[in-house]
Amino acid sequence: MTLRITIDQDVCIGAGQCALTALGVFTQDDDGFSELLPGREDGGGDPMVRESARACPVQAITVTEAR
């Protein structure tokens with residue numbers, strides 16, 4: 001199963017819960033806002049990707065199955 005992960009930068013507040021939950025997929029930019037690590041747009045098989053979306057306090061992360 002391939003995932004598609006998006007981060008709504010207009011909603012993100014930089015809480016960092018995604019990076020704490022799925023460190024191999026998410027990081028924070030110089031301003032503290034979430035971003036995907038290069039090459040991890042599909043989650044890289046990390047089992048914590050969906051949990052990181054649930055952990056986001058403002059629901060800025062969307063994880064869907066790619067087709």
# chains A, B, ... in the order shown; residues from 1 in each chain; ligands from 1
call {"tool": "select_by_dssp", "arguments": {"residues": "chain A", "states": "strand (DSSP E)", "output": "list in words"}}
result
Leu3, Arg4, Ile5, Thr6, Ile7, Phe26, Thr27, Gln28, Ser34, Glu35, Leu36, Ile61, Thr62, Val63, Thr64 and Glu65 of chain A
call {"tool": "write_last_selection", "arguments": {"atoms": "all heavy atoms", "output": "CSV table (one decimal), in the first residue's frame"}}
result
chain,number,residue,atom,x,y,z
A,3,LEU,N,1.1,5.3,0.4
A,3,LEU,CA,0.4,6.4,1.0
A,3,LEU,C,0.8,7.7,0.3
A,3,LEU,O,1.8,7.9,-0.3
A,3,LEU,CB,0.8,6.5,2.5
A,3,LEU,CG,0.5,5.3,3.3
A,3,LEU,CD1,0.9,5.5,4.7
A,3,LEU,CD2,-1.0,4.9,3.3
A,4,ARG,N,-0.1,8.7,0.5
A,4,ARG,CA,0.1,10.0,0.0
A,4,ARG,C,-0.1,10.9,1.3
A,4,ARG,O,-1.1,10.9,1.9
A,4,ARG,CB,-0.8,10.4,-1.1
A,4,ARG,CG,-0.6,11.9,-1.5
A,4,ARG,CD,-1.5,12.2,-2.8
A,4,ARG,NE,-1.2,13.5,-3.2
A,4,ARG,CZ,-2.0,14.5,-3.0
A,4,ARG,NH1,-3.2,14.3,-2.4
A,4,ARG,NH2,-1.7,15.7,-3.5
A,5,ILE,N,1.0,11.7,1.6
A,5,ILE,CA,0.9,12.5,2.8
A,5,ILE,C,1.0,14.0,2.4
A,5,ILE,O,1.8,14.3,1.6
A,5,ILE,CB,2.1,12.2,3.7
A,5,ILE,CG1,2.2,10.7,4.1
A,5,ILE,CG2,2.1,13.1,5.0
A,5,ILE,CD1,3.5,10.3,4.7
A,6,THR,N,0.1,14.8,2.9
A,6,THR,CA,0.1,16.2,2.7
A,6,THR,C,0.1,16.9,4.0
A,6,THR,O,-0.6,16.5,5.0
A,6,THR,CB,-1.1,16.6,1.8
A,6,THR,OG1,-2.3,16.3,2.4
A,6,THR,CG2,-1.0,16.0,0.4
A,7,ILE,N,0.7,18.1,4.0
A,7,ILE,CA,0.7,19.0,5.2
A,7,ILE,C,0.1,20.3,4.7
A,7,ILE,O,0.7,20.9,3.8
A,7,ILE,CB,2.1,19.2,5.7
A,7,ILE,CG1,2.8,17.8,6.1
A,7,ILE,CG2,2.1,20.1,7.0
A,7,ILE,CD1,4.2,17.9,6.4
A,26,PHE,N,8.9,12.9,9.0
A,26,PHE,CA,8.6,14.4,9.2
A,26,PHE,C,9.8,15.0,9.8
A,26,PHE,O,10.6,14.4,10.6
A,26,PHE,CB,7.4,14.6,10.1
A,26,PHE,CG,6.1,14.1,9.5
A,26,PHE,CD1,5.7,12.9,9.9
A,26,PHE,CD2,5.4,14.9,8.6
A,26,PHE,CE1,4.5,12.4,9.3
A,26,PHE,CE2,4.2,14.4,8.1
A,26,PHE,CZ,3.7,13.2,8.5
A,27,THR,N,10.0,16.3,9.5
A,27,THR,CA,11.0,17.2,10.2
A,27,THR,C,10.3,18.5,10.3
A,27,THR,O,9.1,18.7,10.0
A,27,THR,CB,12.3,17.2,9.4
A,27,THR,OG1,13.3,17.9,10.2
A,27,THR,CG2,12.1,17.9,8.0
A,28,GLN,N,11.1,19.5,10.8
A,28,GLN,CA,10.6,20.9,10.9
A,28,GLN,C,11.5,21.8,10.2
A,28,GLN,O,12.8,21.6,10.3
A,28,GLN,CB,10.4,21.3,12.4
A,28,GLN,CG,9.2,20.5,13.1
A,28,GLN,CD,9.1,20.9,14.5
A,28,GLN,OE1,9.9,20.4,15.3
A,28,GLN,NE2,8.1,21.7,14.8
A,34,SER,N,6.1,22.0,10.1
A,34,SER,CA,6.3,20.6,9.6
A,34,SER,C,6.6,20.6,8.1
A,34,SER,O,6.0,21.3,7.4
A,34,SER,CB,5.1,19.8,10.0
A,34,SER,OG,5.0,19.7,11.4
A,35,GLU,N,7.4,19.6,7.8
A,35,GLU,CA,7.6,19.3,6.4
A,35,GLU,C,8.0,17.8,6.3
A,35,GLU,O,8.5,17.2,7.2
A,35,GLU,CB,8.6,20.2,5.7
A,35,GLU,CG,10.0,20.2,6.3
A,35,GLU,CD,11.0,21.2,5.6
A,35,GLU,OE1,10.5,22.0,4.9
A,35,GLU,OE2,12.2,21.1,5.9
A,36,LEU,N,7.8,17.3,5.1
A,36,LEU,CA,8.2,15.9,4.8
A,36,LEU,C,9.7,15.8,4.5
A,36,LEU,O,10.2,16.7,3.8
A,36,LEU,CB,7.4,15.3,3.7
A,36,LEU,CG,5.9,15.1,3.9
A,36,LEU,CD1,5.2,14.9,2.6
A,36,LEU,CD2,5.7,14.0,4.9
A,61,ILE,N,-2.3,17.4,8.9
A,61,ILE,CA,-1.7,16.3,8.1
A,61,ILE,C,-2.8,15.4,7.6
A,61,ILE,O,-3.7,15.0,8.4
A,61,ILE,CB,-0.7,15.5,8.9
A,61,ILE,CG1,0.4,16.4,9.4
A,61,ILE,CG2,-0.2,14.3,8.1
A,61,ILE,CD1,1.3,15.8,10.5
A,62,THR,N,-2.7,15.1,6.3
A,62,THR,CA,-3.7,14.2,5.7
A,62,THR,C,-2.9,13.0,5.1
A,62,THR,O,-1.9,13.2,4.4
A,62,THR,CB,-4.5,14.9,4.6
A,62,THR,OG1,-5.1,16.0,5.1
A,62,THR,CG2,-5.5,13.9,4.0
A,63,VAL,N,-3.4,11.8,5.5
A,63,VAL,CA,-2.7,10.6,5.0
A,63,VAL,C,-3.8,9.8,4.2
A,63,VAL,O,-4.9,9.5,4.8
A,63,VAL,CB,-2.2,9.7,6.1
A,63,VAL,CG1,-1.6,8.4,5.5
A,63,VAL,CG2,-1.2,10.5,6.9
A,64,THR,N,-3.6,9.6,2.9
A,64,THR,CA,-4.5,8.9,2.1
A,64,THR,C,-3.8,7.8,1.4
A,64,THR,O,-2.6,7.8,1.2
A,64,THR,CB,-5.2,9.8,1.1
A,64,THR,OG1,-4.3,10.4,0.3
A,64,THR,CG2,-6.1,10.8,1.8
A,65,GLU,N,-4.5,6.8,0.9
A,65,GLU,CA,-3.9,5.7,0.1
A,65,GLU,C,-3.8,6.2,-1.4
A,65,GLU,O,-4.8,6.7,-1.9
A,65,GLU,CB,-4.8,4.5,0.1
A,65,GLU,CG,-4.7,3.8,1.4
A,65,GLU,CD,-5.5,2.5,1.5
A,65,GLU,OE1,-5.7,1.9,0.4
A,65,GLU,OE2,-5.9,2.1,2.6
call {"tool": "residues_around", "arguments": {"residues": "stretch 11-19 of chain A", "least_positions_apart": "3", "cutoff": "7 Å", "atoms": "only C-alpha atoms", "output": "number ranges by chain"}}
result
A: 8, 22-23, 26-27, 32-34, 52-53, 55-56, 58, 60
call {"tool": "atom_distance", "arguments": {"atom1": "atom CA of A:Thr21", "atom2": "atom CA of A:Met48"}}
result
6.5 Å
call {"tool": "residues_around", "arguments": {"residues": "A:Gly44", "least_positions_apart": "4", "cutoff": "8 Å", "atoms": "only C-alpha atoms", "output": "VMD selection string"}}
result
chain A and resid 24 to 25 39 to 40
call {"tool": "atom_distance", "arguments": {"atom1": "atom CA of A:Pro47", "atom2": "atom CA of A:Ala66"}}
result
15.9 Å
